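Have a look at data-v4.txt; it's compact mmCIF, C-alpha atoms:
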# COMPACT_ATOMS: atom_id res chain seq x y z
CA MET A 1 -78.32 140.18 168.77
CA TYR A 2 -79.03 136.96 166.92
CA LYS A 3 -78.50 133.80 168.98
CA PRO A 4 -77.46 130.77 166.90
CA SER A 5 -79.46 127.60 167.45
CA ILE A 6 -78.00 124.12 167.86
CA LEU A 7 -79.69 120.70 167.91
CA PHE A 8 -77.95 117.76 169.57
CA ILE A 9 -79.24 114.27 168.69
CA ASN A 10 -78.51 111.20 170.82
CA ARG A 11 -80.49 108.18 171.97
CA VAL A 12 -80.03 108.90 175.67
CA PHE A 13 -80.15 112.06 177.76
CA PRO A 14 -80.40 112.32 181.57
CA PRO A 15 -82.08 111.00 183.57
CA ASP A 16 -81.38 108.12 181.13
CA ARG A 17 -78.15 106.33 181.98
CA GLY A 18 -75.22 106.40 179.62
CA ALA A 19 -71.86 108.15 179.27
CA THR A 20 -72.84 109.84 176.01
CA GLY A 21 -75.94 111.33 177.63
CA ARG A 22 -73.92 112.63 180.56
CA CYS A 23 -71.39 114.30 178.27
CA LEU A 24 -74.21 115.79 176.20
CA HIS A 25 -75.83 117.20 179.36
CA ASP A 26 -72.57 118.88 180.37
CA LEU A 27 -71.92 120.35 176.93
CA ALA A 28 -75.50 121.50 176.28
CA ALA A 29 -75.51 123.40 179.58
CA ARG A 30 -72.36 125.25 178.62
CA PHE A 31 -73.62 126.13 175.14
CA ALA A 32 -76.80 127.56 176.71
CA ALA A 33 -74.74 129.54 179.21
CA ARG A 34 -72.81 131.08 176.30
CA GLY A 35 -76.01 132.37 174.70
CA TRP A 36 -76.84 129.63 172.20
CA ARG A 37 -80.42 128.41 171.74
CA VAL A 38 -79.97 124.74 172.59
CA SER A 39 -82.26 121.80 171.78
CA VAL A 40 -81.75 118.10 172.42
CA LEU A 41 -83.54 115.26 170.63
CA ALA A 42 -83.43 111.91 172.44
CA CYS A 43 -85.51 108.75 172.73
CA GLY A 44 -87.95 108.08 175.54
CA ALA A 45 -91.54 108.91 176.37
CA ALA A 46 -92.70 112.47 175.83
CA ASP A 47 -93.76 112.70 179.47
CA ALA A 48 -90.46 111.31 180.81
CA PRO A 49 -88.95 113.22 183.76
CA SER A 50 -86.74 116.05 182.58
CA ASP A 51 -83.20 116.65 183.79
CA ALA A 52 -82.40 119.40 181.31
CA PRO A 53 -80.05 122.24 182.26
CA GLU A 54 -81.40 125.77 182.27
CA GLY A 55 -81.88 127.05 178.73
CA VAL A 56 -81.93 123.59 177.13
CA SER A 57 -85.09 122.30 175.44
CA VAL A 58 -85.52 118.50 175.24
CA THR A 59 -87.73 116.68 172.72
CA ARG A 60 -88.37 112.98 173.18
CA ALA A 61 -88.84 110.77 170.13
CA GLY A 62 -91.06 108.30 171.98
CA ASP A 63 -90.86 104.67 173.04
CA ARG A 64 -88.38 103.17 175.45
CA VAL A 65 -84.72 104.12 175.60
CA GLY A 66 -83.26 100.62 175.76
CA GLY A 67 -82.16 98.54 172.78
CA SER A 68 -82.32 94.79 172.23
CA GLY A 69 -78.68 94.41 171.27
CA PRO A 70 -75.61 96.29 170.07
CA ILE A 71 -77.31 97.01 166.76
CA GLY A 72 -80.50 95.03 167.18
CA ALA A 73 -84.09 95.89 166.42
CA GLY A 74 -84.22 98.26 169.39
CA HIS A 75 -81.44 100.45 168.07
CA LEU A 76 -82.69 100.35 164.50
CA SER A 77 -86.09 101.40 165.81
CA ALA A 78 -84.45 104.21 167.79
CA LEU A 79 -82.70 105.44 164.65
CA HIS A 80 -86.02 105.48 162.81
CA ARG A 81 -87.80 107.33 165.63
CA LEU A 82 -85.08 109.96 165.88
CA HIS A 83 -85.19 110.52 162.11
CA ARG A 84 -88.96 110.85 162.14
CA ALA A 85 -88.96 113.23 165.13
CA ALA A 86 -86.18 115.36 163.62
CA SER A 87 -88.27 115.91 160.50
CA ARG A 88 -90.92 117.64 162.67
CA ILE A 89 -88.49 119.90 164.54
CA PRO A 90 -88.06 123.52 163.34
CA ARG A 91 -84.86 124.41 161.56
CA HIS A 92 -81.65 124.90 163.55
CA ASP A 93 -78.44 126.60 162.49
CA LEU A 94 -76.31 123.63 163.48
CA VAL A 95 -76.95 119.91 164.03
CA VAL A 96 -74.67 117.70 166.14
CA THR A 97 -75.18 113.94 165.90
CA MET A 98 -73.61 111.46 168.31
CA THR A 99 -73.00 107.70 168.02
CA ASP A 100 -75.91 106.20 169.96
CA PRO A 101 -77.61 104.45 168.22
CA PRO A 102 -75.05 103.13 165.74
CA MET A 103 -75.20 104.77 162.30
CA LEU A 104 -76.76 107.95 163.71
CA ALA A 105 -74.12 109.83 161.71
CA VAL A 106 -76.24 109.44 158.57
CA LEU A 107 -78.97 111.67 160.02
CA GLY A 108 -76.84 114.82 160.27
CA PRO A 109 -76.17 115.34 156.54
CA LEU A 110 -79.82 114.60 155.75
CA LEU A 111 -80.91 117.42 158.05
CA GLY A 112 -78.08 119.60 156.80
CA ARG A 113 -79.36 119.30 153.25
CA ARG A 114 -82.99 119.86 154.26
CA TRP A 115 -82.33 122.87 156.46
CA GLY A 116 -79.22 124.30 154.85
CA CYS A 117 -77.54 124.16 158.24
CA GLY A 118 -74.10 123.22 159.54
CA VAL A 119 -73.42 119.61 160.58
CA ILE A 120 -71.01 118.19 163.17
CA HIS A 121 -70.63 114.54 164.09
CA TRP A 122 -69.41 113.92 167.65
CA SER A 123 -67.80 110.49 167.46
CA HIS A 124 -67.77 108.57 170.74
CA ASP A 125 -67.65 105.16 169.06
CA LEU A 126 -66.65 104.42 165.50
CA TYR A 127 -69.36 102.41 163.79
CA PRO A 128 -69.75 100.10 161.98
CA ASP A 129 -66.09 99.14 162.58
CA LEU A 130 -66.80 98.45 166.27
CA LEU A 131 -69.56 95.93 165.56
CA PRO A 132 -67.33 92.83 165.07
CA VAL A 133 -65.42 93.74 168.25
CA ILE A 134 -68.61 93.64 170.34
CA GLY A 135 -69.76 90.37 168.80
CA VAL A 136 -72.15 91.60 166.11
CA ARG A 137 -71.62 89.27 163.18
CA LEU A 138 -72.79 90.64 159.89
CA PRO A 139 -72.10 89.27 156.41
CA TRP A 140 -69.10 91.03 154.91
CA PRO A 141 -71.14 92.64 152.09
CA THR A 142 -73.52 94.12 154.70
CA LEU A 143 -70.70 95.39 156.90
CA SER A 144 -68.91 96.84 153.89
CA LEU A 145 -72.07 98.61 152.75
CA LEU A 146 -72.65 100.11 156.20
CA ARG A 147 -69.05 101.28 156.27
CA ARG A 148 -69.41 103.03 152.92
CA ILE A 149 -72.66 104.69 154.02
CA ALA A 150 -71.14 105.87 157.31
CA THR A 151 -68.00 107.17 155.62
CA ALA A 152 -70.01 109.06 153.01
CA ALA A 153 -72.03 110.70 155.81
CA LEU A 154 -68.90 111.67 157.77
CA ARG A 155 -67.29 113.18 154.66
CA ARG A 156 -70.35 115.43 154.27
CA CYS A 157 -70.03 116.87 157.78
CA ASP A 158 -68.50 120.29 158.35
CA ALA A 159 -66.50 118.81 161.23
CA VAL A 160 -66.05 115.46 162.93
CA VAL A 161 -65.09 115.58 166.60
CA ALA A 162 -63.05 112.59 167.77
CA ILE A 163 -62.58 111.91 171.49
CA GLY A 164 -59.02 110.62 171.09
CA SER A 165 -56.08 111.00 168.74
CA CYS A 166 -56.26 107.28 167.98
CA MET A 167 -59.85 107.75 166.82
CA ALA A 168 -58.82 110.75 164.72
CA ASP A 169 -56.28 108.51 162.99
CA ARG A 170 -58.96 105.92 162.29
CA LEU A 171 -61.30 108.56 160.87
CA SER A 172 -58.57 109.88 158.62
CA GLY A 173 -57.87 106.34 157.47
CA ARG A 174 -61.54 105.99 156.62
CA GLY A 175 -61.26 108.89 154.19
CA VAL A 176 -62.57 111.76 156.32
CA PRO A 177 -60.57 114.88 155.32
CA ALA A 178 -57.97 115.59 158.00
CA GLN A 179 -58.78 119.31 158.04
CA ARG A 180 -62.30 118.52 159.24
CA ILE A 181 -61.26 116.25 162.13
CA VAL A 182 -60.93 117.89 165.54
CA THR A 183 -59.79 115.94 168.60
CA ILE A 184 -61.52 116.94 171.84
CA PRO A 185 -61.14 114.34 174.59
CA ASN A 186 -64.07 113.61 176.84
CA TRP A 187 -63.86 114.94 180.38
CA PRO A 188 -64.58 113.24 183.69
CA ASP A 189 -67.99 113.72 185.26
CA PRO A 190 -67.83 117.11 187.03
CA VAL A 191 -69.28 115.53 190.19
CA ILE A 192 -66.10 113.47 190.62
CA ARG A 193 -63.50 114.93 192.94
CA PRO A 194 -60.76 113.48 195.16
CA ILE A 195 -62.11 112.25 198.49
CA GLN A 196 -59.86 111.26 201.35
CA ARG A 197 -59.53 107.54 201.89
CA ASP A 198 -60.02 107.85 205.65
CA GLY A 199 -63.61 108.61 206.53
CA ASN A 200 -64.95 107.74 203.09
CA PRO A 201 -68.58 106.64 203.73
CA VAL A 202 -68.53 104.02 200.95
CA ARG A 203 -65.38 102.41 202.34
CA ALA A 204 -67.00 102.33 205.76
CA ALA A 205 -70.24 100.84 204.43
CA LEU A 206 -68.34 98.10 202.59
CA GLY A 207 -66.08 97.32 205.52
CA LEU A 208 -62.91 98.20 203.60
CA GLU A 209 -61.09 100.04 206.39
CA GLY A 210 -57.45 99.05 206.39
CA ARG A 211 -57.64 97.10 203.12
CA PHE A 212 -55.96 98.19 199.90
CA THR A 213 -58.80 98.21 197.39
CA VAL A 214 -58.84 97.85 193.62
CA ALA A 215 -61.94 98.64 191.58
CA TYR A 216 -63.31 98.26 188.08
CA SER A 217 -66.16 100.78 188.02
CA GLY A 218 -68.46 101.53 185.10
CA ASN A 219 -69.96 99.76 182.14
CA PHE A 220 -69.40 96.03 181.65
CA GLY A 221 -69.19 96.44 177.90
CA LEU A 222 -68.74 93.75 175.28
CA ALA A 223 -65.47 95.44 174.24
CA HIS A 224 -64.18 95.24 177.84
CA PRO A 225 -63.18 91.60 178.52
CA LEU A 226 -62.70 91.03 182.24
CA ASP A 227 -61.16 87.56 182.19
CA ALA A 228 -57.68 88.78 183.19
CA VAL A 229 -59.15 90.87 186.03
CA LEU A 230 -60.97 87.86 187.46
CA GLU A 231 -57.87 85.68 187.07
CA ALA A 232 -55.71 88.27 188.82
CA ALA A 233 -58.26 88.56 191.65
CA SER A 234 -58.14 84.78 192.13
CA SER A 235 -54.34 84.89 192.27
CA LEU A 236 -54.34 87.72 194.81
CA ALA A 237 -56.89 85.86 196.95
CA VAL A 238 -54.08 83.36 197.62
CA THR A 239 -50.96 85.55 197.64
CA ALA A 240 -52.40 88.77 199.12
CA PRO A 241 -55.83 88.09 200.64
CA ASP A 242 -55.84 91.49 202.36
CA ILE A 243 -56.32 93.21 198.98
CA ALA A 244 -60.00 93.73 198.08
CA VAL A 245 -61.28 93.79 194.49
CA LEU A 246 -64.55 95.49 193.54
CA LEU A 247 -66.50 95.16 190.30
CA ILE A 248 -69.03 98.00 190.16
CA GLY A 249 -71.46 98.60 187.32
CA GLU A 250 -73.83 97.18 184.76
CA GLY A 251 -74.00 96.58 181.02
CA ARG A 252 -74.32 93.90 178.38
CA GLY A 253 -71.24 92.09 179.66
CA LEU A 254 -72.63 91.75 183.20
CA PRO A 255 -74.46 88.41 182.65
CA ARG A 256 -71.20 86.77 181.55
CA VAL A 257 -69.37 88.16 184.59
CA ARG A 258 -72.08 86.79 186.84
CA ARG A 259 -71.82 83.35 185.23
CA LEU A 260 -68.05 83.32 185.77
CA LEU A 261 -68.43 84.35 189.40
CA GLU A 262 -71.13 81.76 190.05
CA ARG A 263 -68.68 79.13 188.88
CA ASP A 264 -65.61 80.40 190.75
CA ALA A 265 -65.84 83.59 192.84
CA PRO A 266 -62.67 84.42 194.80
CA PRO A 267 -63.36 85.49 198.41
CA ASN A 268 -61.64 88.86 197.96
CA LEU A 269 -63.96 90.01 195.15
CA ARG A 270 -67.34 91.73 195.41
CA LEU A 271 -69.80 92.57 192.63
CA LEU A 272 -71.76 95.77 193.23
CA PRO A 273 -74.44 97.66 191.27
CA LEU A 274 -73.79 100.87 189.36
CA GLN A 275 -73.57 103.79 191.76
CA PRO A 276 -75.80 106.87 191.41
CA SER A 277 -74.28 110.21 190.51
CA SER A 278 -74.84 111.49 194.05
CA THR A 279 -72.38 108.95 195.49
CA LEU A 280 -70.05 108.57 192.48
CA ALA A 281 -67.17 110.59 193.94
CA ALA A 282 -67.22 108.59 197.18
CA SER A 283 -67.60 105.32 195.28
CA LEU A 284 -64.58 105.99 193.05
CA GLY A 285 -62.66 107.33 196.04
CA ALA A 286 -63.33 104.12 197.96
CA ALA A 287 -60.75 102.38 195.78
CA ASP A 288 -57.02 103.00 196.04
CA LEU A 289 -56.39 101.88 192.48
CA HIS A 290 -58.66 101.59 189.44
CA LEU A 291 -58.76 99.24 186.46
CA ALA A 292 -59.91 99.76 182.89
CA VAL A 293 -60.12 97.13 180.18
CA MET A 294 -60.21 97.50 176.41
CA ASP A 295 -60.22 94.88 173.68
CA ARG A 296 -57.00 95.32 171.67
CA ARG A 297 -59.05 95.42 168.45
CA ALA A 298 -60.94 98.49 169.72
CA GLU A 299 -57.99 100.89 169.48
CA GLY A 300 -59.31 104.05 167.86
CA LEU A 301 -62.89 102.77 167.87
CA LEU A 302 -63.64 103.91 171.43
CA VAL A 303 -61.91 105.60 174.38
CA PRO A 304 -62.78 104.16 177.84
CA SER A 305 -64.19 106.85 180.12
CA LYS A 306 -63.18 104.87 183.22
CA VAL A 307 -59.62 106.17 182.96
CA SER A 308 -60.49 109.87 183.20
CA GLY A 309 -62.98 109.15 186.01
CA ALA A 310 -60.33 107.35 188.04
CA LEU A 311 -57.83 110.17 187.61
CA ALA A 312 -60.44 112.77 188.58
CA ALA A 313 -60.93 110.83 191.82
CA GLY A 314 -57.19 111.20 192.42
CA ARG A 315 -56.46 107.53 191.84
CA PRO A 316 -54.04 105.90 189.40
CA CYS A 317 -55.38 103.48 186.82
CA ILE A 318 -54.11 100.29 185.22
CA LEU A 319 -55.33 99.81 181.66
CA LEU A 320 -55.43 96.37 180.14
CA GLY A 321 -55.56 97.43 176.51
CA PRO A 322 -53.65 98.45 173.39
CA PRO A 323 -50.63 100.68 174.13
CA GLY A 324 -51.36 102.91 171.13
CA SER A 325 -54.74 104.02 172.41
CA ALA A 326 -55.31 107.58 173.64
CA ALA A 327 -56.07 106.34 177.17
CA ALA A 328 -52.85 104.31 177.27
CA ARG A 329 -50.74 107.23 176.10
CA MET A 330 -52.31 109.51 178.71
CA LEU A 331 -51.42 107.09 181.52
CA ALA A 332 -47.91 106.48 180.23
CA GLU A 333 -47.03 110.11 179.50
CA ASN A 334 -48.28 111.32 182.88
CA ARG A 335 -47.01 108.33 184.89
CA CYS A 336 -50.31 107.89 186.68
CA GLY A 337 -50.84 104.19 186.06
CA ALA A 338 -49.72 101.35 183.85
CA VAL A 339 -50.65 99.74 180.54
CA LEU A 340 -50.72 95.96 180.16
CA ASP A 341 -51.81 93.45 177.57
CA PRO A 342 -55.54 92.65 177.96
CA ASP A 343 -54.68 89.00 178.75
CA ASP A 344 -51.84 89.66 181.21
CA ALA A 345 -53.40 88.50 184.47
CA GLU A 346 -49.99 87.78 186.02
CA GLY A 347 -48.71 91.25 185.16
CA LEU A 348 -51.89 92.79 186.56
CA ALA A 349 -51.51 91.01 189.89
CA ALA A 350 -47.88 92.19 190.08
CA ALA A 351 -48.82 95.79 189.21
CA ILE A 352 -51.51 95.82 191.91
CA LEU A 353 -49.02 94.51 194.46
CA SER A 354 -46.49 97.20 193.50
CA HIS A 355 -49.03 99.85 194.54
CA ALA A 356 -50.32 97.99 197.60
CA ARG A 357 -46.87 97.25 199.06
CA ASP A 358 -45.15 100.57 198.30
CA PRO A 359 -47.08 103.49 199.89
CA ALA A 360 -44.63 106.15 198.64
CA PHE A 361 -44.82 104.89 195.05
CA HIS A 362 -48.61 104.78 195.24
CA ALA A 363 -48.94 108.23 196.81
CA ALA A 364 -46.81 109.75 194.04
CA ALA A 365 -48.99 108.10 191.40
CA CYS A 366 -52.11 109.47 193.11
CA GLU A 367 -50.69 112.99 193.05
CA ARG A 368 -49.87 112.71 189.33
CA ALA A 369 -53.38 111.41 188.70
CA ARG A 370 -54.90 114.47 190.38
CA ALA A 371 -52.66 116.82 188.40
CA THR A 372 -53.47 115.12 185.11
CA ALA A 373 -57.21 115.29 185.71
CA ALA A 374 -57.02 118.94 186.74
CA SER A 375 -55.56 119.88 183.36
CA TRP A 376 -58.77 119.01 181.48
CA SER A 377 -62.37 119.77 182.38
CA ALA A 378 -65.87 120.14 180.97
CA ASP A 379 -65.31 123.90 180.72
CA ARG A 380 -62.12 123.55 178.68
CA ALA A 381 -63.71 120.95 176.42
CA ALA A 382 -66.73 123.21 175.90
CA ASP A 383 -64.45 126.09 174.93
CA ALA A 384 -62.88 123.89 172.26
CA PHE A 385 -66.25 122.61 171.05
CA LEU A 386 -67.69 126.12 170.87
CA LYS A 387 -64.90 127.14 168.49
CA VAL A 388 -65.71 124.22 166.21
CA ALA A 389 -69.44 125.01 166.36
CA ALA A 390 -68.86 128.68 165.54
CA SER A 391 -66.90 127.71 162.45
CA ALA A 392 -69.60 125.31 161.22
CA VAL A 393 -72.84 127.18 161.99
CA ARG A 394 -75.04 128.42 159.16
CA THR A 395 -77.54 131.10 160.13
CA VAL A 396 -81.01 131.69 158.70
CA SER A 397 -79.50 134.28 156.36
CA GLY A 398 -77.78 131.44 154.57
CA GLY A 399 -74.28 132.49 155.52
CA GLU A 400 -71.75 129.66 155.57
CA ALA A 401 -68.79 129.78 157.89
CA ALA A 402 -65.40 128.62 156.80
CA ARG A 403 -64.33 125.03 157.36
CA PRO A 404 -62.47 124.35 160.60
CA PRO A 405 -58.74 124.94 160.27
CA ALA A 406 -56.21 122.15 159.91
CA SER A 407 -56.63 119.15 162.17
CA ARG A 408 -56.39 120.14 165.83
CA CYS A 409 -55.61 117.74 168.63
CA MET A 410 -56.15 118.57 172.29
CA THR A 411 -55.03 116.06 174.88
CA VAL A 412 -55.42 115.91 178.64
CA GLY A 413 -52.38 117.51 180.16
CA GLY A 414 -51.27 118.93 176.82

Can you dump the structure from the file as structure tokens?
Amino acid sequence: MYKPSILFINRVFPPDRGATGRCLHDLAARFAARGWRVSVLACGAADAPSDAPEGVSVTRAGDRVGGSGPIGAGHLSALHRLHRAASRIPRHDLVVTMTDPPMLAVLGPLLGRRWGCGVIHWSHDLYPDLLPVIGVRLPWPTLSLLRRIATAALRRCDAVVAIGSCMADRLSGRGVPAQRIVTIPNWPDPVIRPIQRDGNPVRAALGLEGRFTVAYSGNFGLAHPLDAVLEAASSLAVTAPDIAVLLIGEGRGLPRVRRLLERDAPPNLRLLPLQPSSTLAASLGAADLHLAVMDRRAEGLLVPSKVSGALAAGRPCILLGPPGSAAARMLAENRCGAVLDPDDAEGLAAAILSHARDPAFHAAACERARATAASWSADRAADAFLKVAASAVRTVSGGEAARPPASRCMTVGG
């Protein structure tokens, strides 16, 4: 029996850090388990340690993984290396490009034309539209040209997978045919599970016993302004000093956070490094309530993974971000958190207090968070992705599958 082959292309893949690499690892493992011949092309040295699942072959395009900026020379170099390495890889029946580095979408149709294979773009971030949001200032003619190039590439894909309905709307608005857009939300890291508050080793190590704890855990991204979080923490340090606030993670926004804390760090706030996967469940479970932040201009351009991670830990989440985003709708529809304006520090402090001072209200929100997270998993997402892949694959015999059916949207809890 012929086994179809699939090539995933992304800048990072474990043990490299990055949410896109983690999602790719989960999905590649499930494709291999279903009998596909799975290859991954990523950056990094050829002799880099491998963390590939069984049945997954990894090719490294060379050089370091890191980039010098959101779309700086490092990322442009990564795009060039991935293109060059892909040209030396044997033909596959299906190519799936991701969004790291920016503009990687253009590589899929190029390989599709060369190999006569199917092409899917898995959109985690919508470039180049996201560039101004994260502070990349390009002349309008340059940004417009990049947008036209990216749109042309997306229109040539057999399917475009969006990770949120808000992103699907943006893609449709960009001119991608609606019948080729499939919405498959990302899933929380499978290692995350609810851990009891009492006896949590991370809480014990941080001396948090007896304190209601709020955490922002994950990437300090340039599209995740934390000013309101820091202002709310300062307010709570005066009105409710028993409440602890944790900032856990790393990213391009971390230097700015450090500068702000050096100038005025409230005594109830602690800044901690990103936690390894082995302790992630306990780290997320150390908090009673989680926070996520999203620039209002980023609606449909990204979907913060912090929300699904918090819910998987059995904790409610407060999102400071646009109410029309997929993450906001998930929290509102399932009543497992709140959605506030990104600048509403006063509202954030009040929302935190409502959980800290009302145990019954908080416990009910925790239970709804667990139920919401349980309704969506890596296995369910893989099932949906496998259907899209089967409809787009082109075998060595030259057979072309039909286009995916009319736009399909799958939401957590739906």

task: Please provide the set of residues having any atom within 9 Å of stretch 304-316 of chain A, restricted to only C-alpha atoms, with same-chain residues fewer than 5 positions apart removed, written as a PyMOL selection string.
output: chain A and resi 19+186-190+192-195+216-219+281-282+284-285+287-294+327+331+335-338+362+365-374

message: Here is a test: counting all atoms listed in the file, which residue of A:Leu94, A:Pro14, A:Pro322, A:His75 is nearest to A:Ser39?
response: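 Nearest candidate to A:Ser39 out of A:Leu94, A:Pro14, A:Pro322, A:His75: A:Leu94.
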
query: From the set A:Pro109, A:Gly18, A:Gly253, A:Gly118, which residue has the shortest atom-to-atom contact distance to A:Asp227, counting all atoms listed in the file?
result: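 Result for the nearest residue to A:Asp227: A:Gly253.
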
Cut-off 6 Å around (-63.7, 119.0, 163.2) with only C-alpha atoms: residues as a PDB file with C-alpha atoms, in the frame of the given file:
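Writing the result to out_12.pdb gives the following:
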ATOM      1  CA  ALA A 159     -66.500 118.810 161.230  1.00  0.00           C
ATOM      2  CA  VAL A 160     -66.050 115.460 162.930  1.00  0.00           C
ATOM      3  CA  VAL A 161     -65.090 115.580 166.600  1.00  0.00           C
ATOM      4  CA  ARG A 180     -62.300 118.520 159.240  1.00  0.00           C
ATOM      5  CA  ILE A 181     -61.260 116.250 162.130  1.00  0.00           C
ATOM      6  CA  VAL A 182     -60.930 117.890 165.540  1.00  0.00           C
TER       7      VAL A 182
END

task: Please work out which residues fall within 12 Å of (-52.6, 103.1, 167.9), coordinates as given in the file, with all atoms listed in the file counting, and return them as number ranges by chain.
output: A: 164-170, 296-303, 321-329

Residue subset to file, keeping C-alpha atoms, as a compact mmCIF listing (two decimals), in the coordinates of the input:
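Okay, out.txt is ready:
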# COMPACT_ATOMS: atom_id res chain seq x y z
CA GLY A 164 -59.02 110.62 171.09
CA SER A 165 -56.08 111.00 168.74
CA CYS A 166 -56.26 107.28 167.98
CA MET A 167 -59.85 107.75 166.82
CA ALA A 168 -58.82 110.75 164.72
CA ASP A 169 -56.28 108.51 162.99
CA ARG A 170 -58.96 105.92 162.29
CA ARG A 296 -57.00 95.32 171.67
CA ARG A 297 -59.05 95.42 168.45
CA ALA A 298 -60.94 98.49 169.72
CA GLU A 299 -57.99 100.89 169.48
CA GLY A 300 -59.31 104.05 167.86
CA LEU A 301 -62.89 102.77 167.87
CA LEU A 302 -63.64 103.91 171.43
CA VAL A 303 -61.91 105.60 174.38
CA GLY A 321 -55.56 97.43 176.51
CA PRO A 322 -53.65 98.45 173.39
CA PRO A 323 -50.63 100.68 174.13
CA GLY A 324 -51.36 102.91 171.13
CA SER A 325 -54.74 104.02 172.41
CA ALA A 326 -55.31 107.58 173.64
CA ALA A 327 -56.07 106.34 177.17
CA ALA A 328 -52.85 104.31 177.27
CA ARG A 329 -50.74 107.23 176.10

task: Between atom CA of A:Ser354 and atom CA of A:Phe212, measure the distance and give it in Å to one decimal.
output: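 The value is 11.5 Å.
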
task: Calculate how many Å separate atom CA of A:Phe220 from atom CA of A:Gly251, rounding to one decimal.
output: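 Result for atom CA of A:Phe220 versus atom CA of A:Gly251: 4.7 Å, one decimal.
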
query: Quick one: residues within 9 Å of A:Leu386, only C-alpha atoms counted, chain neighbours fewer than 4 positions away excluded, as a list in words?
result: Phe31, Arg34, Ala381, Ala382, Ala390 and Ser391 of chain A

Give me the residues within 10 Å of A:Asp129 as a JSON list (two decimals) with C-alpha atoms, keeping the file's coordinate frame, counting all atoms listed in the file and dropping any in the same chain fewer than 2 places off.
[["chain", "number", "residue", "atom", "x", "y", "z"],
["A", 125, "ASP", "CA", -67.65, 105.16, 169.06],
["A", 126, "LEU", "CA", -66.65, 104.42, 165.50],
["A", 127, "TYR", "CA", -69.36, 102.41, 163.79],
["A", 131, "LEU", "CA", -69.56, 95.93, 165.56],
["A", 132, "PRO", "CA", -67.33, 92.83, 165.07],
["A", 133, "VAL", "CA", -65.42, 93.74, 168.25],
["A", 134, "ILE", "CA", -68.61, 93.64, 170.34],
["A", 143, "LEU", "CA", -70.70, 95.39, 156.90],
["A", 144, "SER", "CA", -68.91, 96.84, 153.89],
["A", 146, "LEU", "CA", -72.65, 100.11, 156.20],
["A", 147, "ARG", "CA", -69.05, 101.28, 156.27],
["A", 150, "ALA", "CA", -71.14, 105.87, 157.31],
["A", 170, "ARG", "CA", -58.96, 105.92, 162.29],
["A", 297, "ARG", "CA", -59.05, 95.42, 168.45],
["A", 298, "ALA", "CA", -60.94, 98.49, 169.72],
["A", 300, "GLY", "CA", -59.31, 104.05, 167.86],
["A", 301, "LEU", "CA", -62.89, 102.77, 167.87]]

How would stretch 329-338 of chain A look with N, CA, C and O atoms restored, written as a PDB file, keeping the file's coordinate frame?
ATOM      1  N   ARG A 329     -51.773 106.188 176.202  1.00  0.00           N
ATOM      2  CA  ARG A 329     -50.740 107.230 176.100  1.00  0.00           C
ATOM      3  C   ARG A 329     -50.877 108.249 177.232  1.00  0.00           C
ATOM      4  O   ARG A 329     -49.872 108.741 177.754  1.00  0.00           O
ATOM      5  N   MET A 330     -52.109 108.566 177.610  1.00  0.00           N
ATOM      6  CA  MET A 330     -52.310 109.510 178.710  1.00  0.00           C
ATOM      7  C   MET A 330     -51.712 108.963 180.004  1.00  0.00           C
ATOM      8  O   MET A 330     -51.023 109.681 180.739  1.00  0.00           O
ATOM      9  N   LEU A 331     -51.949 107.684 180.299  1.00  0.00           N
ATOM     10  CA  LEU A 331     -51.420 107.090 181.520  1.00  0.00           C
ATOM     11  C   LEU A 331     -49.897 107.021 181.488  1.00  0.00           C
ATOM     12  O   LEU A 331     -49.229 107.321 182.477  1.00  0.00           O
ATOM     13  N   ALA A 332     -49.361 106.627 180.335  1.00  0.00           N
ATOM     14  CA  ALA A 332     -47.910 106.480 180.230  1.00  0.00           C
ATOM     15  C   ALA A 332     -47.200 107.825 180.290  1.00  0.00           C
ATOM     16  O   ALA A 332     -46.193 107.983 181.002  1.00  0.00           O
ATOM     17  N   GLU A 333     -47.696 108.803 179.561  1.00  0.00           N
ATOM     18  CA  GLU A 333     -47.030 110.110 179.500  1.00  0.00           C
ATOM     19  C   GLU A 333     -47.074 110.846 180.839  1.00  0.00           C
ATOM     20  O   GLU A 333     -46.155 111.595 181.168  1.00  0.00           O
ATOM     21  N   ASN A 334     -48.132 110.617 181.611  1.00  0.00           N
ATOM     22  CA  ASN A 334     -48.280 111.320 182.880  1.00  0.00           C
ATOM     23  C   ASN A 334     -47.890 110.465 184.094  1.00  0.00           C
ATOM     24  O   ASN A 334     -48.003 110.918 185.233  1.00  0.00           O
ATOM     25  N   ARG A 335     -47.482 109.240 183.833  1.00  0.00           N
ATOM     26  CA  ARG A 335     -47.010 108.330 184.890  1.00  0.00           C
ATOM     27  C   ARG A 335     -48.014 108.210 186.045  1.00  0.00           C
ATOM     28  O   ARG A 335     -47.653 108.275 187.216  1.00  0.00           O
ATOM     29  N   CYS A 336     -49.266 108.026 185.655  1.00  0.00           N
ATOM     30  CA  CYS A 336     -50.310 107.890 186.680  1.00  0.00           C
ATOM     31  C   CYS A 336     -51.026 106.545 186.540  1.00  0.00           C
ATOM     32  O   CYS A 336     -52.232 106.445 186.727  1.00  0.00           O
ATOM     33  N   GLY A 337     -50.268 105.515 186.200  1.00  0.00           N
ATOM     34  CA  GLY A 337     -50.840 104.190 186.060  1.00  0.00           C
ATOM     35  C   GLY A 337     -49.917 103.307 185.252  1.00  0.00           C
ATOM     36  O   GLY A 337     -48.702 103.537 185.190  1.00  0.00           O
ATOM     37  N   ALA A 338     -50.495 102.285 184.653  1.00  0.00           N
ATOM     38  CA  ALA A 338     -49.720 101.350 183.850  1.00  0.00           C
ATOM     39  C   ALA A 338     -50.594 100.836 182.715  1.00  0.00           C
ATOM     40  O   ALA A 338     -51.827 100.919 182.771  1.00  0.00           O
TER      41      ALA A 338
END
